[in-house]
$ cat my_file25.tsv   # TSV, C-alpha atoms
chain	number	residue	atom	x	y	z
A	1	MET	CA	100.98	95.01	32.10
A	2	SER	CA	101.82	97.20	35.07
A	3	GLU	CA	100.05	96.36	38.27
A	4	ILE	CA	98.45	97.40	41.53
A	5	GLU	CA	99.24	95.05	44.41
A	6	TYR	CA	96.29	94.39	46.67
A	7	PHE	CA	96.89	92.94	50.17
A	8	TYR	CA	93.69	91.99	51.99
A	9	SER	CA	91.70	89.23	53.61
A	10	ALA	CA	88.51	87.93	51.99
A	11	HIS	CA	86.49	88.65	55.15
A	12	SER	CA	87.71	92.23	55.70
A	13	ILE	CA	85.07	94.91	56.05
A	14	PHE	CA	87.10	97.75	54.61
A	15	ALA	CA	88.30	95.56	51.74
A	16	TYR	CA	84.60	94.99	51.00
A	17	LEU	CA	83.73	98.67	51.17
A	18	GLY	CA	86.50	99.48	48.66
A	19	SER	CA	86.19	96.35	46.54
A	20	ALA	CA	84.08	97.63	43.64
A	21	ARG	CA	85.98	100.91	43.58
A	22	ILE	CA	89.52	99.41	43.46
A	23	GLN	CA	88.47	97.13	40.63
A	24	GLU	CA	86.99	100.08	38.75
A	25	ILE	CA	90.13	102.19	39.35
A	26	ALA	CA	92.42	99.36	38.19
A	27	LYS	CA	90.35	98.84	35.06
A	28	ALA	CA	90.22	102.54	34.19
A	29	SER	CA	94.00	102.85	34.56
A	30	GLY	CA	94.67	99.70	32.51
A	31	ARG	CA	96.52	98.08	35.41
A	32	ASN	CA	96.34	94.49	36.51
A	33	LEU	CA	95.04	94.01	40.07
A	34	VAL	CA	97.40	91.54	41.78
A	35	HIS	CA	95.49	89.80	44.58
A	36	ARG	CA	97.64	88.97	47.62
A	37	PRO	CA	95.37	87.56	50.33
A	38	ILE	CA	97.05	87.61	53.74
A	39	ASP	CA	96.52	86.21	57.22
A	40	LEU	CA	95.40	89.21	59.25
A	41	ASN	CA	95.93	87.34	62.51
A	42	GLN	CA	99.65	87.64	61.85
A	43	ILE	CA	99.57	91.12	60.32
A	44	VAL	CA	97.80	93.33	62.78
A	45	PRO	CA	100.11	92.77	65.78
A	46	ALA	CA	103.20	93.15	63.59
A	47	GLY	CA	102.18	96.70	62.61
A	48	GLY	CA	102.44	97.87	66.21
A	49	ALA	CA	98.69	98.54	66.46
A	50	ALA	CA	96.61	97.33	69.38
A	51	SER	CA	94.98	93.97	68.66
A	52	PHE	CA	91.25	94.02	67.97
A	53	LYS	CA	90.52	92.61	71.41
A	54	GLU	CA	92.50	95.39	73.09
A	55	ARG	CA	90.59	98.19	71.42
A	56	THR	CA	88.19	100.16	73.57
A	57	PRO	CA	84.41	100.12	73.11
A	58	LYS	CA	84.60	103.71	71.89
A	59	GLN	CA	87.20	102.83	69.24
A	60	ARG	CA	85.00	99.97	68.09
A	61	ALA	CA	81.92	102.20	68.02
A	62	TYR	CA	83.68	104.68	65.76
A	63	PHE	CA	85.92	102.56	63.56
A	64	PHE	CA	83.78	99.42	63.35
A	65	ARG	CA	80.30	100.92	63.27
A	66	ARG	CA	80.09	104.62	62.42
A	67	GLU	CA	82.88	104.50	59.86
A	68	ILE	CA	81.50	101.31	58.31
A	69	ASP	CA	78.04	102.83	57.96
A	70	ARG	CA	79.17	106.13	56.50
A	71	TRP	CA	81.56	104.50	54.04
A	72	SER	CA	78.91	101.97	53.12
A	73	GLU	CA	76.70	104.90	52.13
A	74	GLU	CA	79.57	106.69	50.39
A	75	ARG	CA	80.65	103.63	48.37
A	76	ASN	CA	77.13	102.39	47.73
A	77	ALA	CA	78.12	99.08	49.34
A	78	PRO	CA	75.31	97.94	51.65
A	79	VAL	CA	76.11	96.05	54.86
A	80	MET	CA	73.98	93.77	57.02
A	81	VAL	CA	72.61	94.90	60.38
A	82	GLY	CA	74.90	93.71	63.19
A	83	TYR	CA	78.13	91.79	62.97
A	84	PRO	CA	78.61	88.80	60.62
A	85	THR	CA	77.88	85.62	62.57
A	86	HIS	CA	80.91	83.72	61.24
A	87	HIS	CA	83.39	86.57	61.28
A	88	TYR	CA	85.82	84.99	63.74
A	89	LYS	CA	86.17	81.65	62.01
A	90	ASP	CA	89.41	80.63	60.34
A	91	THR	CA	89.77	82.55	57.08
A	92	ALA	CA	92.52	80.37	55.63
A	93	LEU	CA	90.22	78.43	53.29
A	94	CYS	CA	88.62	81.40	51.53
A	95	ASN	CA	91.89	83.30	51.21
A	96	ARG	CA	93.67	80.23	49.87
A	97	MET	CA	90.82	79.60	47.42
A	98	VAL	CA	91.42	83.08	45.96
A	99	ILE	CA	95.14	82.30	45.69
A	100	ALA	CA	94.34	78.97	44.00
A	101	GLY	CA	92.34	80.92	41.43
A	102	VAL	CA	95.33	83.16	40.75
A	103	VAL	CA	97.69	80.16	40.46
A	104	GLN	CA	95.30	78.45	38.06
A	105	GLY	CA	95.28	81.52	35.83
A	106	HIS	CA	91.78	82.79	36.56
A	107	ASN	CA	90.65	86.36	36.96
A	108	VAL	CA	89.65	86.32	40.65
A	109	ASP	CA	88.18	89.82	40.85
A	110	GLN	CA	84.57	88.60	40.88
A	111	LEU	CA	85.22	85.72	43.26
A	112	SER	CA	86.97	88.00	45.73
A	113	HIS	CA	84.17	90.55	45.49
A	114	ALA	CA	81.50	87.88	46.00
A	115	MET	CA	83.23	86.62	49.16
A	116	LEU	CA	83.58	90.09	50.65
A	117	GLN	CA	80.09	91.22	49.69
A	118	THR	CA	78.17	88.14	50.81
A	119	HIS	CA	80.05	87.99	54.10
A	120	TRP	CA	79.08	91.56	54.95
A	121	LEU	CA	75.68	91.73	53.30
A	122	GLU	CA	74.25	88.21	53.56
A	123	ASP	CA	76.11	86.85	56.58
A	124	THR	CA	77.80	84.05	54.64
A	125	ASP	CA	80.21	81.65	56.33
A	126	LEU	CA	83.50	81.91	54.45
A	127	ALA	CA	84.94	78.94	56.36
A	128	ASP	CA	82.29	76.63	54.88
A	129	PRO	CA	83.32	74.76	51.69
A	130	ASP	CA	79.73	74.48	50.45
A	131	THR	CA	79.26	78.23	50.73
A	132	LEU	CA	82.52	78.83	48.87
A	133	ALA	CA	81.49	76.36	46.16
A	134	ARG	CA	78.23	78.21	45.68
A	135	LEU	CA	80.04	81.58	45.51
A	136	ALA	CA	82.45	80.27	42.86
A	137	GLU	CA	79.53	78.99	40.80
A	138	SER	CA	77.82	82.35	41.12
A	139	VAL	CA	80.76	83.92	39.27
A	140	ASP	CA	81.10	81.08	36.75
A	141	LEU	CA	84.19	79.44	38.22
A	142	ALA	CA	84.36	75.66	38.77
A	143	PRO	CA	84.67	75.30	42.56
A	144	ARG	CA	86.26	71.86	42.85
A	145	PRO	CA	89.71	72.59	41.37
A	146	LEU	CA	89.95	75.73	43.48
A	147	LEU	CA	88.88	74.10	46.74
A	148	ASP	CA	91.08	71.05	46.14
A	149	ALA	CA	94.11	73.24	45.54
A	150	ALA	CA	93.29	75.58	48.43
A	151	MET	CA	94.48	73.01	50.95
A	152	SER	CA	97.70	72.17	49.08
A	153	ASP	CA	101.18	72.93	50.35
A	154	GLU	CA	101.84	75.06	47.28
A	155	ILE	CA	98.96	77.42	48.02
A	156	GLN	CA	99.70	77.47	51.74
A	157	ALA	CA	103.26	78.54	50.93
A	158	ILE	CA	102.00	81.46	48.82
A	159	TYR	CA	99.57	82.51	51.56
A	160	GLN	CA	102.43	82.57	54.06
A	161	ALA	CA	104.72	84.36	51.59
A	162	ASN	CA	102.07	87.06	51.05
A	163	THR	CA	101.74	87.47	54.80
A	164	ASP	CA	105.51	87.63	55.33
A	165	GLU	CA	105.85	90.15	52.52
A	166	ALA	CA	103.08	92.30	54.00
A	167	ILE	CA	104.80	92.33	57.39
A	168	LYS	CA	108.12	93.15	55.75
A	169	ARG	CA	106.55	96.14	53.97
A	170	SER	CA	104.79	97.25	57.18
A	171	VAL	CA	101.29	96.67	55.97
A	172	PHE	CA	99.08	97.63	58.94
A	173	GLY	CA	95.85	95.95	57.97
A	174	SER	CA	93.37	95.22	55.21
A	175	PRO	CA	93.08	96.53	52.57
A	176	THR	CA	96.45	97.90	51.52
A	177	TYR	CA	97.30	98.88	47.96
A	178	PHE	CA	100.73	99.41	46.42
A	179	VAL	CA	101.24	101.56	43.33
A	180	ASP	CA	104.84	101.25	42.11
A	181	GLY	CA	106.07	100.75	45.67
A	182	ASP	CA	104.00	103.54	47.25
A	183	MET	CA	101.79	102.08	49.99
A	184	PHE	CA	98.20	103.23	50.53
A	185	TYR	CA	96.59	101.79	53.66
A	186	GLY	CA	92.81	101.69	53.81
A	187	GLN	CA	90.01	101.96	51.29
A	188	ASP	CA	89.70	105.60	52.34
A	189	ARG	CA	92.88	106.16	50.32
A	190	LEU	CA	91.41	104.92	47.02
A	191	GLU	CA	91.02	108.43	45.66
A	192	MET	CA	94.74	108.92	46.33
A	193	VAL	CA	95.49	105.60	44.62
A	194	GLU	CA	93.58	106.93	41.63
A	195	ARG	CA	95.50	110.19	41.69
A	196	SER	CA	98.89	108.43	42.02
A	197	LEU	CA	98.11	106.36	38.93
A	198	ARG	CA	97.73	109.60	36.96
A	199	GLN	CA	100.55	111.45	38.72
A	200	PRO	CA	102.74	109.83	41.40
A	201	TYR	CA	103.17	111.72	44.65
A	202	LYS	CA	106.65	113.12	45.22
A	203	PRO	CA	109.06	110.90	47.19
A	204	SER	CA	109.58	111.35	50.94
A	205	GLY	CA	112.68	111.64	53.08
A	206	ALA	CA	113.46	109.83	56.32
A	207	PRO	CA	110.64	109.25	58.82
A	208	ASN	CA	109.97	111.78	61.57
A	209	MET	CA	110.92	109.81	64.65
A	210	PRO	CA	110.08	111.38	68.01
A	211	PRO	CA	112.95	111.92	70.46
A	212	ALA	CA	113.87	108.73	72.33
B	1	MET	CA	74.27	130.35	63.24
B	2	PRO	CA	74.80	126.59	63.33
B	3	GLU	CA	78.33	125.46	64.04
B	4	ILE	CA	81.00	122.88	63.41
B	5	GLU	CA	82.96	121.94	66.51
B	6	TYR	CA	86.69	121.70	65.94
B	7	PHE	CA	88.85	119.81	68.46
B	8	TYR	CA	92.58	120.18	67.83
B	9	SER	CA	95.90	121.38	69.16
B	10	ALA	CA	97.72	124.35	67.61
B	11	HIS	CA	100.81	122.21	66.89
B	12	SER	CA	99.07	119.28	65.19
B	13	ALA	CA	100.35	118.24	61.73
B	14	TYR	CA	97.02	116.96	60.51
B	15	ALA	CA	95.13	119.97	61.85
B	16	TYR	CA	97.54	122.06	59.77
B	17	LEU	CA	97.11	119.95	56.64
B	18	GLY	CA	93.33	120.31	56.85
B	19	SER	CA	93.23	123.89	58.18
B	20	ALA	CA	92.64	125.89	55.00
B	21	ARG	CA	90.27	123.31	53.55
B	22	PHE	CA	88.24	123.08	56.74
B	23	MET	CA	87.82	126.85	56.95
B	24	ALA	CA	86.73	126.94	53.30
B	25	ILE	CA	84.17	124.19	53.94
B	26	ALA	CA	82.73	125.95	56.99
B	27	LYS	CA	82.50	129.23	55.13
B	28	ALA	CA	80.81	127.68	52.11
B	29	ALA	CA	78.29	125.98	54.39
B	30	GLY	CA	77.61	129.18	56.32
B	31	ARG	CA	78.62	127.56	59.60
B	32	THR	CA	80.64	129.02	62.44
B	33	ILE	CA	83.73	127.10	63.53
B	34	THR	CA	83.68	126.51	67.27
B	35	HIS	CA	87.34	126.16	68.20
B	36	ARG	CA	88.03	123.76	71.05
B	37	PRO	CA	91.80	123.52	71.52
B	38	ASN	CA	92.65	120.65	73.85
B	39	ASP	CA	95.59	118.93	75.50
B	40	LEU	CA	96.63	116.06	73.24
B	41	ARG	CA	99.04	114.71	75.83
B	42	ARG	CA	95.95	113.67	77.78
B	43	VAL	CA	93.49	112.99	74.97
B	44	VAL	CA	95.66	110.53	73.02
B	45	PRO	CA	96.44	108.17	75.93
B	46	ALA	CA	92.80	108.32	77.12
B	47	SER	CA	91.57	107.22	73.69
B	48	GLY	CA	93.22	103.82	74.07
B	49	SER	CA	95.66	104.45	71.21
B	50	THR	CA	99.09	102.92	71.42
B	51	PRO	CA	101.41	105.48	73.08
B	52	PHE	CA	103.66	107.26	70.58
B	53	SER	CA	106.75	105.79	72.25
B	54	GLU	CA	105.57	102.24	71.54
B	55	ARG	CA	104.82	102.68	67.85
B	56	SER	CA	107.03	100.97	65.28
B	57	LYS	CA	109.43	102.59	62.86
B	58	GLY	CA	107.17	101.45	60.02
B	59	HIS	CA	104.29	103.25	61.71
B	60	TYR	CA	106.27	106.49	61.88
B	61	ALA	CA	107.52	106.16	58.32
B	62	TYR	CA	103.96	105.80	57.04
B	63	PHE	CA	101.78	107.93	59.33
B	64	PHE	CA	104.30	110.65	60.21
B	65	ARG	CA	106.17	111.02	56.95
B	66	ARG	CA	104.58	109.45	53.88
B	67	GLU	CA	101.03	110.45	54.80
B	68	ILE	CA	102.11	113.97	55.78
B	69	ASP	CA	103.95	114.45	52.49
B	70	ARG	CA	101.19	113.12	50.27
B	71	TRP	CA	98.53	115.13	52.07
B	72	ALA	CA	100.73	118.24	51.97
B	73	GLU	CA	100.75	117.84	48.20
B	74	GLU	CA	97.03	117.04	48.06
B	75	ARG	CA	96.02	120.01	50.24
B	76	ASN	CA	98.60	122.37	48.82
B	77	ALA	CA	99.95	122.89	52.35
B	78	PRO	CA	103.76	122.82	52.28
B	79	VAL	CA	105.70	121.29	55.18
B	80	MET	CA	109.29	121.72	56.30
B	81	VAL	CA	111.89	118.98	55.82
B	82	GLY	CA	112.22	116.92	59.00
B	83	ARG	CA	110.36	117.20	62.28
B	84	PRO	CA	109.65	120.60	63.84
B	85	THR	CA	112.41	121.35	66.33
B	86	HIS	CA	110.06	122.54	69.08
B	87	HIS	CA	107.32	120.00	68.57
B	88	ASP	CA	107.59	118.35	71.98
B	89	LYS	CA	107.35	121.50	74.05
B	90	ASP	CA	104.39	122.33	76.26
B	91	MET	CA	101.55	123.71	74.11
B	92	THR	CA	99.57	125.28	76.95
B	93	LEU	CA	100.48	128.84	75.99
B	94	CYS	CA	99.53	128.74	72.30
B	95	ASN	CA	96.33	126.77	72.88
B	96	GLY	CA	95.50	129.12	75.78
B	97	MET	CA	96.09	132.12	73.54
B	98	LEU	CA	93.51	130.82	71.08
B	99	ILE	CA	90.99	130.27	73.85
B	100	ALA	CA	91.71	133.77	75.16
B	101	GLY	CA	90.82	135.05	71.71
B	102	LEU	CA	87.44	133.33	71.95
B	103	VAL	CA	86.82	134.63	75.46
B	104	GLN	CA	87.63	138.14	74.21
B	105	ASP	CA	85.22	137.67	71.29
B	106	LYS	CA	87.86	137.69	68.61
B	107	TYR	CA	87.63	135.83	65.36
B	108	ILE	CA	90.53	133.38	65.66
B	109	ASN	CA	90.47	131.38	62.40
B	110	GLN	CA	93.49	133.20	61.01
B	111	LEU	CA	95.47	133.04	64.24
B	112	THR	CA	94.93	129.28	64.45
B	113	HIS	CA	95.96	128.87	60.84
B	114	VAL	CA	99.22	130.82	61.18
B	115	MET	CA	100.19	128.90	64.31
B	116	LEU	CA	99.69	125.57	62.58
B	117	GLU	CA	101.30	126.70	59.35
B	118	SER	CA	104.34	128.39	60.84
B	119	HIS	CA	105.02	125.42	63.12
B	120	TRP	CA	104.97	122.90	60.29
B	121	ARG	CA	106.33	125.03	57.48
B	122	ASP	CA	108.71	127.47	59.16
B	123	ASP	CA	109.72	125.51	62.30
B	124	SER	CA	108.28	128.15	64.65
B	125	ASP	CA	108.36	127.63	68.41
B	126	LEU	CA	104.75	127.80	69.63
B	127	ALA	CA	105.88	127.73	73.27
B	128	ASP	CA	107.77	130.99	72.79
B	129	ARG	CA	105.96	134.20	73.74
B	130	ASP	CA	107.78	136.40	71.22
B	131	THR	CA	106.93	134.03	68.40
B	132	LEU	CA	103.27	134.16	69.37
B	133	VAL	CA	103.41	137.96	69.50
B	134	ALA	CA	104.73	138.04	65.94
B	135	LEU	CA	102.08	135.58	64.72
B	136	ALA	CA	99.24	137.60	66.25
B	137	ARG	CA	100.55	140.79	64.66
B	138	GLN	CA	100.81	139.02	61.34
B	139	VAL	CA	97.03	138.51	61.42
B	140	GLU	CA	96.42	142.00	62.79
B	141	MET	CA	95.50	141.03	66.31
B	142	ASP	CA	96.77	142.74	69.45
B	143	PRO	CA	98.95	140.05	71.10
B	144	GLU	CA	99.22	141.36	74.66
B	145	PRO	CA	95.61	140.97	75.86
B	146	LEU	CA	95.59	137.45	74.44
B	147	LEU	CA	98.90	136.40	75.97
B	148	ASP	CA	98.08	138.01	79.30
B	149	ALA	CA	94.88	135.97	79.49
B	150	ALA	CA	96.28	132.73	78.02
B	151	LEU	CA	97.36	131.27	81.37
B	152	SER	CA	94.54	132.79	83.45
B	153	GLU	CA	92.29	130.55	85.52
B	154	GLU	CA	89.34	131.33	83.31
B	155	VAL	CA	91.09	130.36	80.09
B	156	GLN	CA	92.79	127.33	81.61
B	157	ALA	CA	89.43	126.12	82.94
B	158	ILE	CA	88.13	126.16	79.35
B	159	TYR	CA	91.24	124.34	78.11
B	160	GLU	CA	90.60	121.71	80.76
B	161	ALA	CA	86.89	121.52	79.88
B	162	ASN	CA	87.72	121.05	76.18
B	163	THR	CA	90.13	118.26	77.07
B	164	VAL	CA	87.61	116.53	79.32
B	165	GLU	CA	84.89	116.90	76.69
B	166	ALA	CA	87.18	115.49	73.98
B	167	ILE	CA	87.91	112.45	76.14
B	168	LYS	CA	84.22	112.03	76.96
B	169	ARG	CA	83.27	112.06	73.28
B	170	SER	CA	86.10	109.66	72.42
B	171	VAL	CA	88.06	112.04	70.30
B	172	PHE	CA	91.14	110.00	69.40
B	173	SER	CA	93.54	112.79	68.51
B	174	SER	CA	93.74	115.97	66.41
B	175	PRO	CA	91.86	117.13	64.42
B	176	ALA	CA	88.30	115.96	65.05
B	177	TYR	CA	85.23	117.71	63.67
B	178	PHE	CA	81.64	117.40	64.88
B	179	VAL	CA	78.73	118.14	62.58
B	180	ASP	CA	75.49	118.05	64.58
B	181	GLY	CA	76.94	115.39	66.88
B	182	ASP	CA	78.48	113.20	64.15
B	183	MET	CA	82.23	112.88	64.78
B	184	PHE	CA	84.72	112.94	61.92
B	185	TYR	CA	88.23	112.08	63.04
B	186	GLY	CA	91.12	113.22	60.87
B	187	GLN	CA	91.53	115.81	58.14
B	188	ASP	CA	91.20	112.96	55.65
B	189	ARG	CA	87.48	113.03	56.52
B	190	LEU	CA	86.96	116.64	55.41
B	191	GLU	CA	85.26	115.60	52.19
B	192	MET	CA	82.83	113.61	54.34
B	193	VAL	CA	82.33	116.65	56.61
B	194	GLU	CA	81.46	118.61	53.48
B	195	ARG	CA	79.01	115.94	52.38
B	196	ALA	CA	77.46	115.72	55.90
B	197	LEU	CA	76.79	119.46	55.79
B	198	ARG	CA	74.79	119.00	52.57
B	199	GLN	CA	73.18	115.71	53.52
B	200	PRO	CA	73.74	114.04	56.90
B	201	TYR	CA	74.74	110.39	56.80
B	202	ALA	CA	72.04	107.95	57.92
B	203	PRO	CA	72.27	107.17	61.66
B	204	SER	CA	74.00	103.96	62.82
$ encode --input "my_file25.tsv" --output "structure tokens"
Amino acid sequence: MSEIEYFYSAHSIFAYLGSARIQEIAKASGRNLVHRPIDLNQIVPAGGAASFKERTPKQRAYFFRREIDRWSEERNAPVMVGYPTHHYKDTALCNRMVIAGVVQGHNVDQLSHAMLQTHWLEDTDLADPDTLARLAESVDLAPRPLLDAAMSDEIQAIYQANTDEAIKRSVFGSPTYFVDGDMFYGQDRLEMVERSLRQPYKPSGAPNMPPA
Amino acid sequence: MPEIEYFYSAHSAYAYLGSARFMAIAKAAGRTITHRPNDLRRVVPASGSTPFSERSKGHYAYFFRREIDRWAEERNAPVMVGRPTHHDKDMTLCNGMLIAGLVQDKYINQLTHVMLESHWRDDSDLADRDTLVALARQVEMDPEPLLDAALSEEVQAIYEANTVEAIKRSVFSSPAYFVDGDMFYGQDRLEMVERALRQPYAPS
């Protein structure tokens, strides 16, 4: 089956806001959604963007509050009041648990969605194994095999390979979708993803570099 | 009549790509467009964005080529091959000409649109007086009164005020639209502008 590649982190706000919609788009087009969780701590600086800490209060007010709230309304994806308590914890475990699900042949769509949604709606701690176990059970997946594998070298290597691949393809952040090599950055491009699945956009020439 | 405030520069790619759509949205909503041309060379650095010179090749390939091309197709707004030759010139004259139109009570939607379109489709030089004369005539406006006023103290004070106001409201770049105080940055938010005109988004 042809695919849509999906680079994201399981704690990413904009991945959450687009989560139900990308799954619906993939299903409607008959494409397989290929989950490629990545380590955003390595990604964001590589794209040439300012790190989160370097962004101004006004940028945060617009991109991390007003945009979240409007898109939440637009996508019918409710968010909690305030910022998730555990948002700055290490996200390796949850991302690697999703990868373990892929390696073990499961459909991880629901698990991924449950992580994103509960983190942003119910303030869940995605670094906590008990929370992750409960989330897996909520989508009828046995947690133990996934959590055991999550810490393995095999899964770690895939997590790093996803991250390296994202940097190589100049992924700027989460979420990023690829349709037959064409990159769409941000859940605000999902309607273009949908369009490109019906009718690809024409190819582009060389980038417009400014004078040195 | 209620308004939509429109912060942009007359040479901005994304203002061009959204130009026809934005004017159609404003018209359908029965709102006046309040044009506020501003100096992007000051607004962009003040917003805290990474300076253009420090952005990566991947950034340019995506945001200044792939995105432009896909949106050109999406908005039915053709663009030239390559980067406009005169893109890095001083845009004081063309932006001042638009403000002069406002000061002289002209309706400038069409003049704005032909500046944006000709720069990105036909490689026009918006810093060149003769080019601006031809563009004004194309939309049946008398160029001389506009160009004579474009660099006047009065017009330049408005240009400065627009720039200061854009920085104060944390406009990041061009275009930005304000619907009753709610900022929408980027022509990719025009469908949300349209929705906000029907039904404002809940406050944050």
$ residues_around --input "my_file25.tsv" --residues "range 52-66 of chain A" --least-positions-apart "5" --cutoff "10 Å" --atoms "all atoms listed in the file" --output "list in words"
Ile13, Phe14, Asn41, Val44, Pro45, Trp71, Ser72, Gly82 and Tyr83 of chain A; Ser47, Gly48, Ser49, Thr50, Lys168, Arg169, Ser170, Val171, Phe172, Asp182, Met183, Phe184, Tyr185, Tyr201, Ala202, Pro203 and Ser204 of chain B
$ residues_around --input "my_file25.tsv" --residues "Cys94 in chain B" --least-positions-apart "2" --cutoff "9 Å" --atoms "all atoms listed in the file" --output "PDB file with C-alpha atoms, keeping the file's coordinate frame"
ATOM      1  CA  SER B   9      95.900 121.380  69.160  1.00  0.00           C
ATOM      2  CA  ALA B  10      97.720 124.350  67.610  1.00  0.00           C
ATOM      3  CA  HIS B  11     100.810 122.210  66.890  1.00  0.00           C
ATOM      4  CA  ASP B  90     104.390 122.330  76.260  1.00  0.00           C
ATOM      5  CA  MET B  91     101.550 123.710  74.110  1.00  0.00           C
ATOM      6  CA  THR B  92      99.570 125.280  76.950  1.00  0.00           C
ATOM      7  CA  GLY B  96      95.500 129.120  75.780  1.00  0.00           C
ATOM      8  CA  MET B  97      96.090 132.120  73.540  1.00  0.00           C
ATOM      9  CA  LEU B  98      93.510 130.820  71.080  1.00  0.00           C
ATOM     10  CA  ILE B  99      90.990 130.270  73.850  1.00  0.00           C
ATOM     11  CA  MET B 115     100.190 128.900  64.310  1.00  0.00           C
ATOM     12  CA  LEU B 126     104.750 127.800  69.630  1.00  0.00           C
ATOM     13  CA  ALA B 127     105.880 127.730  73.270  1.00  0.00           C
ATOM     14  CA  ASP B 128     107.770 130.990  72.790  1.00  0.00           C
ATOM     15  CA  ARG B 129     105.960 134.200  73.740  1.00  0.00           C
ATOM     16  CA  LEU B 132     103.270 134.160  69.370  1.00  0.00           C
ATOM     17  CA  LEU B 147      98.900 136.400  75.970  1.00  0.00           C
ATOM     18  CA  ALA B 150      96.280 132.730  78.020  1.00  0.00           C
TER      19      ALA B 150
END
$ interface_residues --input "my_file25.tsv" --of "chain B" --to "chain A" --cutoff "8 Å" --atoms "all atoms listed in the file" --output "list in words"
Ser47, Gly48, Ser49, Thr50, Ser53, Glu54, Arg55, Ser56, Lys57, Gly58, His59, Tyr60, Ala61, Tyr62, Phe64, Arg65, Arg66, Asp69, Arg70, Glu73, Val81, Gly82, Arg83, Ser170, Tyr201, Ala202 and Ser204 of chain B
$ atom_distance --input "my_file25.tsv" --atom1 "CA of Asn95 in chain A" --atom2 "CA of Asp128 in chain A"
12.3 Å
$ atom_distance --input "my_file25.tsv" --atom1 "CA of Arg96 in chain A" --atom2 "CA of Asp140 in chain A"
18.2 Å
$ closest_residue --input "my_file25.tsv" --among "A:Ser19, A:Gln104, A:Asn32, A:Gln199" --to "Pro145 in chain A" --atoms "all atoms listed in the file"
A:Gln104
$ closest_atom_pairs --input "my_file25.tsv" --of "range 47-166 of chain B" --to "range 24-33 of chain B" --cutoff "10 Å" --atoms "all atoms listed in the file" --output "JSON lines"
{"residue": "B:Tyr107", "atom": "CA", "partner": "B:Ile33", "partner_atom": "CA", "distance": 9.7}
{"residue": "B:Ile108", "atom": "CA", "partner": "B:Ile33", "partner_atom": "CA", "distance": 9.5}
{"residue": "B:Asn109", "atom": "CA", "partner": "B:Ile33", "partner_atom": "CA", "distance": 8.1}
$ residues_around --input "my_file25.tsv" --residues "Asp39 in chain A" --least-positions-apart "4" --cutoff "7 Å" --atoms "all atoms listed in the file" --output "VMD selection string"
chain A and resid 9 43 163
$ write_last_selection --input "my_file25.tsv" --atoms "C-alpha atoms" --output "mmCIF file, keeping the file's coordinate frame"
data_model
loop_
_atom_site.group_PDB
_atom_site.id
_atom_site.type_symbol
_atom_site.label_atom_id
_atom_site.label_comp_id
_atom_site.auth_asym_id
_atom_site.auth_seq_id
_atom_site.Cartn_x
_atom_site.Cartn_y
_atom_site.Cartn_z
ATOM 1 C CA SER A 9 91.700 89.230 53.610
ATOM 2 C CA ILE A 43 99.570 91.120 60.320
ATOM 3 C CA THR A 163 101.740 87.470 54.800
#
$ residues_around --input "my_file25.tsv" --residues "Asp123 in chain B" --least-positions-apart "4" --cutoff "8 Å" --atoms "all atoms listed in the file" --output "VMD selection string"
chain B and resid 80 84 to 86 118 to 119
$ closest_residue --input "my_file25.tsv" --among "A:Ala77, A:Leu40, A:Ala127, A:Val139" --to "Leu93 in chain A" --atoms "only C-alpha atoms"
A:Ala127
$ atom_distance --input "my_file25.tsv" --atom1 "CA of Trp71 in chain B" --atom2 "CA of Pro200 in chain B"
25.3 Å
$ closest_residue --input "my_file25.tsv" --among "B:Ile158, B:Ala134, B:Glu144, B:Leu116" --to "His87 in chain B" --atoms "only C-alpha atoms"
B:Leu116
$ residues_around --input "my_file25.tsv" --residues "Glu191 in chain A" --least-positions-apart "2" --cutoff "12 Å" --atoms "only C-alpha atoms" --output "count of residues only"
24
